[in-house]
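Down below is the structure, laid out as structure tokens.
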Amino acid sequence: MSRIKEVTIISSPIIPNCEIQHKAPAIVFSAAGLTGNIFHDFNDGFIPLFITANSIFPDQDVVLVISKARDWWVRKYTEILRTFPKYPIINLDNDTNTYCFPSANVGIILHDLVIINPKLIPNSKTFTHFHALIDKAYGQNQNQNHPFKFNPSKSRPILALISRNGGVGRVLLNQNEVKFEAEKIGFSVIIFEPTPMTSMHNAYELIHSGHAMIGIHGAALTHTIFLRPGSVFMQVVPLGTEWAAEVCYARLARNVGSEYMEYRIEPGESSLLEKYSKDDLVIRDPVAFRGTDWSLMNVYLKEQNVTLDLDRFREYLKEMYKKAKKFMNKEGQ
């Protein structure tokens with residue numbers, strides 16, 4: 001919260017000298033906070049912005065007035081920002097003009113984690129409408145030469161395997177073996193390791209053109225929002241992350257119409273067994289260990305890596321393949 005600039009609303013009998021007069025209302029919000037993490041960019045930013053625009057100013061054009069609209073953030077999300085207004089963004093931090101609006105809403109509305117509640121919106125917008133907005137933003141003029149493009153077999157469903165690099169926790173230590181198993185079962189597998197510099201347009205093309213996606217619980221699974229309805233998503237859930245896995249990415253997958261699968265690892269698949277005994281509370285009962293102290297989640301989020309039991313995981317892959325193949329045949333691609 002310390003990164004978020006406070007905006008003060010004052011009342012004055014003096015009418016300001018309007019240098020720029022807008023006929024459209026304004027939505028004033030901050031792009032600071034936890035931005036830079038793709039989950040928070042959507043959960044704290046674009047989903048609430050969509051809710052606010054449709055709750056306060058339904059079916060109207062709006063002007064976005066943004067604090068901390070840093071150049072890299074605007075560049076990264078140019079396509080989605082363009083779906084909201086037809087007016088240029090006003091940067092609250094370095095624009096010295098005096099703007100006048102017929103009305104303005106300061107702050108944006110959050111319903112819950114990755115939730116859009118149509119009962120709270122006058123025009124009853126749902127997550128399906130937000131998903132369509134994402135398709136509108138990134139589905140135009142697809143680039144045939146983007147760096148993730150490859151030529152899979154027409155008979156094999158495409159599986160995106162989300163990769164996490166070392167040093168951040170929740171790394172899949174036997175990723176190459178998992179990829180090999182998926183290919184043996186019948187998938188065309190592409191490893192996708194997104195970074196803060198990854199083009200959202202390229203990420204959309206890769207995920208949207210595929211039939212299935214697998215990844216360990218983490219912010220990169222926000223790319224689920226690019227999946228087509230009916231595709232298959234499997235979340236690998238490390239020890240102690242069950243609640244977060246459900247309210248973040250399981251919920252998101254269902255919201256976009258993806259068929260959700262979940263693989264909860266067993267203690268033997270967690271690197272935490274190298275530091276703690278199987279009878280330790282950390283392993284035996286993560287909920288009791290963490291209690292109400294969220295900082296203890298770092299044990300599970302940052303200190304834990306995963307080595308999947310291939311014999312056990314293979315059965316999940318087989319089930320996923322059946323669902324993905326069925327989806328591919330239905331879609332015709």
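Residues in the structure tokens are numbered from 1 in each chain, the chains being A, B, ... in the order shown, and ligands are numbered from 1 in the order shown.
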
- [ ] List every residue of region 244-323 of chain A that DSSP, applied to the backbone of this structure, assigns to helix (DSSP H, G or I), and report them as a PyMOL selection string.
- [x] chain A and resi 244-255+267-269+271-274+281-284+286-290+294-301+310-323

Open item on the list: Need to verify the contact set: region 2-18 of chain A, 7 Å, only C-alpha atoms, exclusion of same-chain residues closer than 3 positions in sequence. Can you return it as an NGL selection string?
Closed with: :A and (21 or 30 or 32-33 or 67 or 98-100)

Task: Spatial neighbours of Tyr316 (chain A), max dist 9 Å, only C-alpha atoms, sep filter under 5 positions, as a list in words - done: Met234, Met261, Glu262, Tyr263 and Tyr321 of chain A

- [ ] Find the residues near Ile225 (chain A): any atom within 8 Å, counting only C-alpha atoms, skip ones fewer than 2 places away on the same chain, and give them as a list in words.
- [x] His131, Thr222, His223, Leu227, Leu252, Ala253 and Val256 of chain A

Open item on the list: Would you pick out the contacts of Tyr138 (chain A) at 12 Å or less, using only C-alpha atoms, so that residues sharing its chain but fewer than 4 positions from it are not included, and give the list as a PyMOL selection string?
Closed with: chain A and resi 76-83+131-134+142-143+199-208+225-226

Open item on the list: I need the residues of region 81-268 of chain A that end up classed as strand (DSSP E) by DSSP on the backbone, written out as a VMD selection string.
Closed with: chain A and resid 90 to 91 99 to 100 104 to 106 158 to 162 188 to 192 212 to 216 232 to 237 259 to 264

TODO: Please provide the set of residues having any atom within 10 Å of Gly166 (chain A), restricted to only C-alpha atoms, with same-chain residues fewer than 6 positions apart removed, written as a PyMOL selection string.
DONE: chain A and resi 172-173+305

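For the set A:Ile20, A:Ala53, A:Val168, A:Ala219, the residue with the smallest atom-to-atom gap to Thr35 (chain A) is A:Ala219, counting only C-alpha atoms.
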
TODO: Rounded to one decimal place, report the CA of Leu310 (chain A)-CA of Val178 (chain A) distance in Å.
DONE: 7.1 Å

Which residues are near Val237 (chain A)? Cut-off 9 Å, only C-alpha atoms, ignore same chain within fewer than 3 positions. Put them as an mmCIF file with N, CA and C atoms, in the first residue's frame.
```cif
data_model
loop_
_atom_site.group_PDB
_atom_site.id
_atom_site.type_symbol
_atom_site.label_atom_id
_atom_site.label_comp_id
_atom_site.auth_asym_id
_atom_site.auth_seq_id
_atom_site.Cartn_x
_atom_site.Cartn_y
_atom_site.Cartn_z
ATOM 1 N N GLY A 215 0.659 -26.495 -14.939
ATOM 2 C CA GLY A 215 1.637 -25.685 -14.243
ATOM 3 C C GLY A 215 1.523 -25.843 -12.743
ATOM 4 N N ILE A 216 2.629 -25.570 -12.063
ATOM 5 C CA ILE A 216 2.633 -25.570 -10.598
ATOM 6 C C ILE A 216 2.054 -24.247 -10.122
ATOM 7 N N HIS A 217 1.318 -24.302 -9.033
ATOM 8 C CA HIS A 217 0.674 -23.117 -8.463
ATOM 9 C C HIS A 217 1.632 -21.929 -8.415
ATOM 10 N N GLY A 240 0.628 -27.348 1.279
ATOM 11 C CA GLY A 240 0.348 -26.094 1.965
ATOM 12 C C GLY A 240 -0.259 -25.000 1.114
ATOM 13 N N THR A 241 -0.491 -25.262 -0.184
ATOM 14 C CA THR A 241 -1.012 -24.211 -1.058
ATOM 15 C C THR A 241 -2.438 -24.502 -1.527
ATOM 16 N N GLU A 242 -3.110 -25.423 -0.859
ATOM 17 C CA GLU A 242 -4.408 -25.884 -1.341
ATOM 18 C C GLU A 242 -5.448 -24.759 -1.417
ATOM 19 N N ALA A 245 -4.566 -22.272 -4.166
ATOM 20 C CA ALA A 245 -4.755 -22.911 -5.472
ATOM 21 C C ALA A 245 -6.221 -22.890 -5.886
ATOM 22 N N GLU A 262 -6.819 -31.231 -11.066
ATOM 23 C CA GLU A 262 -5.899 -30.852 -9.995
ATOM 24 C C GLU A 262 -5.066 -32.055 -9.567
ATOM 25 N N TYR A 263 -3.777 -31.809 -9.430
ATOM 26 C CA TYR A 263 -2.865 -32.849 -8.945
ATOM 27 C C TYR A 263 -2.235 -32.336 -7.660
ATOM 28 N N ARG A 264 -2.673 -32.870 -6.529
ATOM 29 C CA ARG A 264 -2.114 -32.488 -5.234
ATOM 30 C C ARG A 264 -0.934 -33.402 -4.917
ATOM 31 N N ILE A 265 0.227 -32.796 -4.752
ATOM 32 C CA ILE A 265 1.403 -33.629 -4.529
ATOM 33 C C ILE A 265 1.340 -34.285 -3.156
#
```
